[in-house]
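Heads up, run01.cif below (mmCIF, C-alpha atoms):
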```cif
data_upload
loop_
_atom_site.label_atom_id
_atom_site.label_comp_id
_atom_site.auth_asym_id
_atom_site.auth_seq_id
_atom_site.Cartn_x
_atom_site.Cartn_y
_atom_site.Cartn_z
CA MET A 1 44.24 92.40 50.75
CA ALA A 2 46.29 92.85 53.93
CA THR A 3 49.16 95.32 53.87
CA ILE A 4 52.56 93.72 54.44
CA ARG A 5 54.51 95.73 56.95
CA PRO A 6 58.34 95.65 56.80
CA ILE A 7 60.01 93.87 59.63
CA ARG A 8 62.12 96.25 61.69
CA VAL A 9 65.47 94.92 62.80
CA THR A 10 66.16 96.36 66.23
CA GLU A 11 69.74 96.77 67.25
CA GLU A 12 70.89 94.98 70.33
CA PRO A 13 70.91 97.46 73.22
CA ILE A 14 74.32 98.55 74.42
CA GLY A 15 75.13 97.20 77.84
CA LEU A 16 75.54 99.52 80.80
CA HIS A 17 79.07 98.25 81.37
CA THR A 18 80.11 99.17 77.81
CA GLN A 19 78.58 102.63 78.16
CA ALA A 20 80.34 103.18 81.48
CA MET A 21 83.72 102.13 80.06
CA ASP A 22 83.26 104.45 77.07
CA ASN A 23 82.41 107.33 79.40
CA LEU A 24 85.42 106.63 81.58
CA ARG A 25 87.73 106.55 78.55
CA TYR A 26 86.31 109.87 77.36
CA ILE A 27 86.69 111.50 80.78
CA ARG A 28 90.23 110.21 81.14
CA SER A 29 91.19 111.45 77.68
CA THR A 30 89.69 114.87 78.37
CA MET A 31 91.47 115.20 81.71
CA GLU A 32 94.76 114.09 80.17
CA ASN A 33 94.50 116.61 77.36
CA ALA A 34 93.66 119.50 79.68
CA GLY A 35 95.63 118.43 82.72
CA SER A 36 99.02 119.40 84.02
CA PHE A 37 102.17 117.41 84.60
CA THR A 38 102.06 116.66 88.33
CA ALA A 39 104.79 114.01 88.47
CA VAL A 40 107.47 116.63 89.13
CA PRO A 41 109.72 114.80 91.62
CA GLY A 42 110.19 116.66 94.90
CA VAL A 43 112.44 114.06 96.50
CA GLY A 44 114.23 113.64 93.18
CA GLY A 45 114.86 117.38 93.09
CA MET A 46 116.45 117.25 96.53
CA VAL A 47 118.65 114.33 95.48
CA MET A 48 119.65 116.24 92.34
CA GLY A 49 120.54 119.21 94.52
CA ALA A 50 122.63 117.06 96.83
CA THR A 51 124.63 115.59 93.95
CA ALA A 52 125.11 119.11 92.53
CA LEU A 53 126.57 120.27 95.85
CA PHE A 54 128.97 117.34 95.76
CA ALA A 55 129.87 118.22 92.15
CA ALA A 56 130.49 121.84 93.16
CA PHE A 57 132.80 120.68 95.94
CA ALA A 58 134.72 118.48 93.49
CA ALA A 59 134.79 121.25 90.84
CA HIS A 60 136.28 123.66 93.37
CA PHE A 61 139.39 121.45 93.48
CA ALA A 62 139.49 120.71 89.74
CA VAL A 63 143.04 120.92 88.43
CA ASN A 64 142.03 122.65 85.17
CA HIS A 65 139.06 123.79 83.12
CA GLN A 66 138.72 120.43 81.33
CA ALA A 67 138.33 118.66 84.66
CA TRP A 68 135.81 121.30 85.78
CA MET A 69 133.77 120.73 82.63
CA ALA A 70 133.94 116.96 83.00
CA ILE A 71 132.61 117.15 86.56
CA TRP A 72 129.65 119.31 85.61
CA GLY A 73 128.97 117.26 82.49
CA ALA A 74 128.81 114.11 84.57
CA GLU A 75 126.58 115.87 87.07
CA ALA A 76 124.16 116.95 84.31
CA ALA A 77 123.87 113.36 83.06
CA LEU A 78 123.40 112.04 86.60
CA ALA A 79 120.75 114.69 87.39
CA PHE A 80 118.82 113.73 84.25
CA VAL A 81 118.76 110.06 85.27
CA ILE A 82 117.72 110.94 88.83
CA GLY A 83 114.98 113.29 87.68
CA MET A 84 113.48 110.81 85.23
CA SER A 85 113.69 107.92 87.70
CA PHE A 86 111.89 109.80 90.46
CA ALA A 87 109.33 111.22 88.01
CA TRP A 88 108.55 107.69 86.82
CA ARG A 89 108.26 106.51 90.42
CA LYS A 90 105.88 109.34 91.32
CA ALA A 91 103.79 108.77 88.20
CA GLU A 92 103.49 105.05 89.01
CA ARG A 93 102.35 105.82 92.55
CA GLY A 94 99.74 108.21 91.21
CA ALA A 95 98.52 105.61 88.68
CA THR A 96 99.14 108.04 85.81
CA PRO A 97 101.32 107.19 82.80
CA LEU A 98 104.58 109.13 82.69
CA LEU A 99 104.35 109.50 78.91
CA SER A 100 101.03 111.31 79.07
CA ARG A 101 100.21 114.39 77.01
CA PRO A 102 100.98 116.79 79.90
CA PHE A 103 104.42 115.18 80.27
CA ARG A 104 105.08 115.48 76.54
CA ARG A 105 104.14 119.15 76.68
CA PHE A 106 106.37 119.64 79.72
CA ALA A 107 109.32 117.92 78.02
CA LEU A 108 108.85 119.75 74.71
CA ALA A 109 108.77 123.08 76.53
CA MET A 110 112.12 122.32 78.18
CA ALA A 111 113.83 120.79 75.16
CA PRO A 112 114.71 124.00 73.24
CA SER A 113 116.64 125.46 76.17
CA PHE A 114 118.67 122.26 76.52
CA VAL A 115 119.50 122.25 72.82
CA ALA A 116 120.48 125.92 72.99
CA GLY A 117 122.60 125.23 76.07
CA THR A 118 124.49 122.46 74.31
CA VAL A 119 125.20 124.58 71.23
CA LEU A 120 126.26 127.63 73.25
CA THR A 121 128.49 125.54 75.50
CA ILE A 122 130.37 124.22 72.46
CA GLU A 123 130.72 127.71 70.98
CA LEU A 124 131.79 129.34 74.26
CA GLU A 125 134.39 126.61 74.70
CA ARG A 126 135.74 127.16 71.18
CA ALA A 127 135.83 130.94 71.69
CA GLY A 128 137.62 130.69 75.03
CA LEU A 129 134.71 132.36 76.88
CA GLN A 130 134.35 129.70 79.54
CA HIS A 131 133.55 132.26 82.26
CA PHE A 132 130.13 132.80 80.62
CA MET A 133 129.13 129.14 80.99
CA PRO A 134 127.62 129.28 84.51
CA ALA A 135 125.41 132.23 83.53
CA THR A 136 124.41 130.51 80.28
CA TRP A 137 123.53 127.26 82.01
CA LEU A 138 121.60 128.90 84.84
CA LEU A 139 119.71 131.25 82.52
CA LEU A 140 118.76 128.60 79.96
CA TYR A 141 117.78 126.10 82.64
CA GLY A 142 115.62 128.80 84.19
CA VAL A 143 114.00 129.53 80.81
CA GLY A 144 113.26 125.84 80.30
CA VAL A 145 111.82 125.29 83.76
CA ALA A 146 109.74 128.50 83.65
CA SER A 147 108.34 127.58 80.22
CA ALA A 148 107.60 123.98 81.15
CA GLY A 149 106.03 125.19 84.38
CA ALA A 150 103.05 126.39 82.36
CA PHE A 151 102.11 122.70 82.11
CA SER A 152 102.88 121.81 85.70
CA VAL A 153 102.18 122.78 89.30
CA ARG A 154 102.45 126.46 90.27
CA VAL A 155 105.75 126.26 92.11
CA VAL A 156 107.66 125.10 89.01
CA PRO A 157 107.53 128.46 87.15
CA LEU A 158 108.66 130.13 90.37
CA MET A 159 111.68 127.82 90.46
CA GLY A 160 112.44 128.77 86.85
CA ALA A 161 112.27 132.46 87.77
CA SER A 162 114.71 131.86 90.63
CA PHE A 163 117.20 130.26 88.24
CA LEU A 164 116.79 133.22 85.88
CA LEU A 165 117.54 135.64 88.70
CA LEU A 166 120.62 133.70 89.76
CA GLY A 167 121.77 133.40 86.15
CA THR A 168 121.50 137.18 85.81
CA VAL A 169 123.73 137.59 88.86
CA ALA A 170 126.20 135.09 87.37
CA ALA A 171 126.35 137.08 84.11
CA PHE A 172 127.81 140.10 85.94
CA ALA A 173 129.68 138.33 88.75
CA PRO A 174 133.47 137.77 88.84
CA ALA A 175 134.76 134.51 87.38
CA SER A 176 135.71 133.34 90.87
CA TRP A 177 132.00 133.14 91.74
CA ALA A 178 131.30 130.51 89.07
CA THR A 179 131.36 127.40 91.24
CA PRO A 180 129.55 128.95 94.26
CA LEU A 181 126.77 130.21 91.98
CA MET A 182 126.46 126.81 90.34
CA ALA A 183 126.20 125.27 93.80
CA ALA A 184 123.57 127.81 94.84
CA GLY A 185 121.52 127.17 91.70
CA PHE A 186 121.71 123.52 90.82
CA GLY A 187 122.31 122.57 94.43
CA GLY A 188 120.47 124.99 96.68
CA LEU A 189 117.48 125.84 94.50
CA HIS A 190 116.85 122.20 93.63
CA ILE A 191 116.87 121.27 97.31
CA LEU A 192 114.64 124.21 98.31
CA TYR A 193 112.01 123.72 95.63
CA GLY A 194 112.26 119.95 95.83
CA PHE A 195 111.31 120.21 99.49
CA ILE A 196 108.38 122.52 98.68
CA ILE A 197 107.11 120.16 95.96
CA GLN A 198 107.52 117.10 98.18
CA ARG A 199 105.67 118.75 101.04
CA ASN A 200 102.79 120.26 99.05
CA TYR A 201 102.43 117.96 96.05
CA GLY A 202 103.81 114.64 97.30
CA GLY A 203 106.74 112.62 96.03
#
```

For this file, produce the structure as structure tokens.
Amino acid sequence: MATIRPIRVTEEPIGLHTQAMDNLRYIRSTMENAGSFTAVPGVGGMVMGATALFAAFAAHFAVNHQAWMAIWGAEAALAFVIGMSFAWRKAERGATPLLSRPFRRFALAMAPSFVAGTVLTIELERAGLQHFMPATWLLLYGVGVASAGAFSVRVVPLMGASFLLLGTVAAFAPASWATPLMAAGFGGLHILYGFIIQRNYGG
């Protein structure tokens, strides 16, 4: 009596195109997880610096502290919009999504310093210690940029260190130096490092 052999059902072979797409997705995911945030806007940084210089000029002629605060508050909001717009533009040109994991890491590293800056600004205002605001802003911005720079190109942590150095000077400088130091930091340093980023990293 003949032995009945079971019929083997062979799976349909996976196409080369499907394999290639799976490999590409894996490589892209791996690079995104281990990569750095390269969409730091060089041109955007220079534009932010230019608007900060204009704000410093306007703040120099502010009639009172409230007007001075309003000018710098408006400048901070404008700088945020400029920075995000140019970062999005650079990311689009590089065919990389702005909301990638490196960007999220970059943003999360900067967020605590911005929250701390907001809280300290409110408390310094309530305590009448307005002359400490430039040092606080420069120092905390430097902390945020230096921390976020761990997930970005090499020049970004150096920019953060420069803000920290200038913030340290502002902490011990006379109150009359407040606006010039703000101009040197948010104006001059943004223009300087924006130029370096634009020249060496594009955008």

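Residues matched by the PyMOL selection byres ((chain A and resi 52) around 7) in this file are Met48, Gly49, Ala50, Thr51, Leu53, Phe54, Ala55, Ala56, Glu75, Ala183, Phe186 and Gly187 of chain A.
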
Task: Evaluate the PyMOL selection byres ((chain A and resi 138) around 7) and report residues as number ranges by chain - done: A: 134-137, 139-142, 163-164, 166-167

Task: Å distance separating CA of Pro157 in chain A from CA of His131 in chain A, one decimal place - done: 26.7 Å

- [ ] Would you work out the distance separating CA of Gly44 in chain A from CA of Phe86 in chain A, expressed in Å to one decimal?
- [x]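 Distance between the two atoms: 5.3 Å.
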
Can you list, as a PDB file with C-alpha atoms, in the frame of the given file, every protein, DNA or RNA residue that comes within 12 Å of Gly202 in chain A when you count only C-alpha atoms, leaving out same-chain residues fewer than 5 positions away?
```
ATOM      1  CA  THR A  38     102.060 116.660  88.330  1.00  0.00           C
ATOM      2  CA  ALA A  39     104.790 114.010  88.470  1.00  0.00           C
ATOM      3  CA  VAL A  40     107.470 116.630  89.130  1.00  0.00           C
ATOM      4  CA  PRO A  41     109.720 114.800  91.620  1.00  0.00           C
ATOM      5  CA  GLY A  42     110.190 116.660  94.900  1.00  0.00           C
ATOM      6  CA  VAL A  43     112.440 114.060  96.500  1.00  0.00           C
ATOM      7  CA  GLY A  44     114.230 113.640  93.180  1.00  0.00           C
ATOM      8  CA  PHE A  86     111.890 109.800  90.460  1.00  0.00           C
ATOM      9  CA  ALA A  87     109.330 111.220  88.010  1.00  0.00           C
ATOM     10  CA  ARG A  89     108.260 106.510  90.420  1.00  0.00           C
ATOM     11  CA  LYS A  90     105.880 109.340  91.320  1.00  0.00           C
ATOM     12  CA  ALA A  91     103.790 108.770  88.200  1.00  0.00           C
ATOM     13  CA  ARG A  93     102.350 105.820  92.550  1.00  0.00           C
ATOM     14  CA  GLY A  94      99.740 108.210  91.210  1.00  0.00           C
ATOM     15  CA  VAL A 153     102.180 122.780  89.300  1.00  0.00           C
ATOM     16  CA  GLY A 194     112.260 119.950  95.830  1.00  0.00           C
ATOM     17  CA  PHE A 195     111.310 120.210  99.490  1.00  0.00           C
ATOM     18  CA  ILE A 196     108.380 122.520  98.680  1.00  0.00           C
ATOM     19  CA  ILE A 197     107.110 120.160  95.960  1.00  0.00           C
TER      20      ILE A 197
END
```
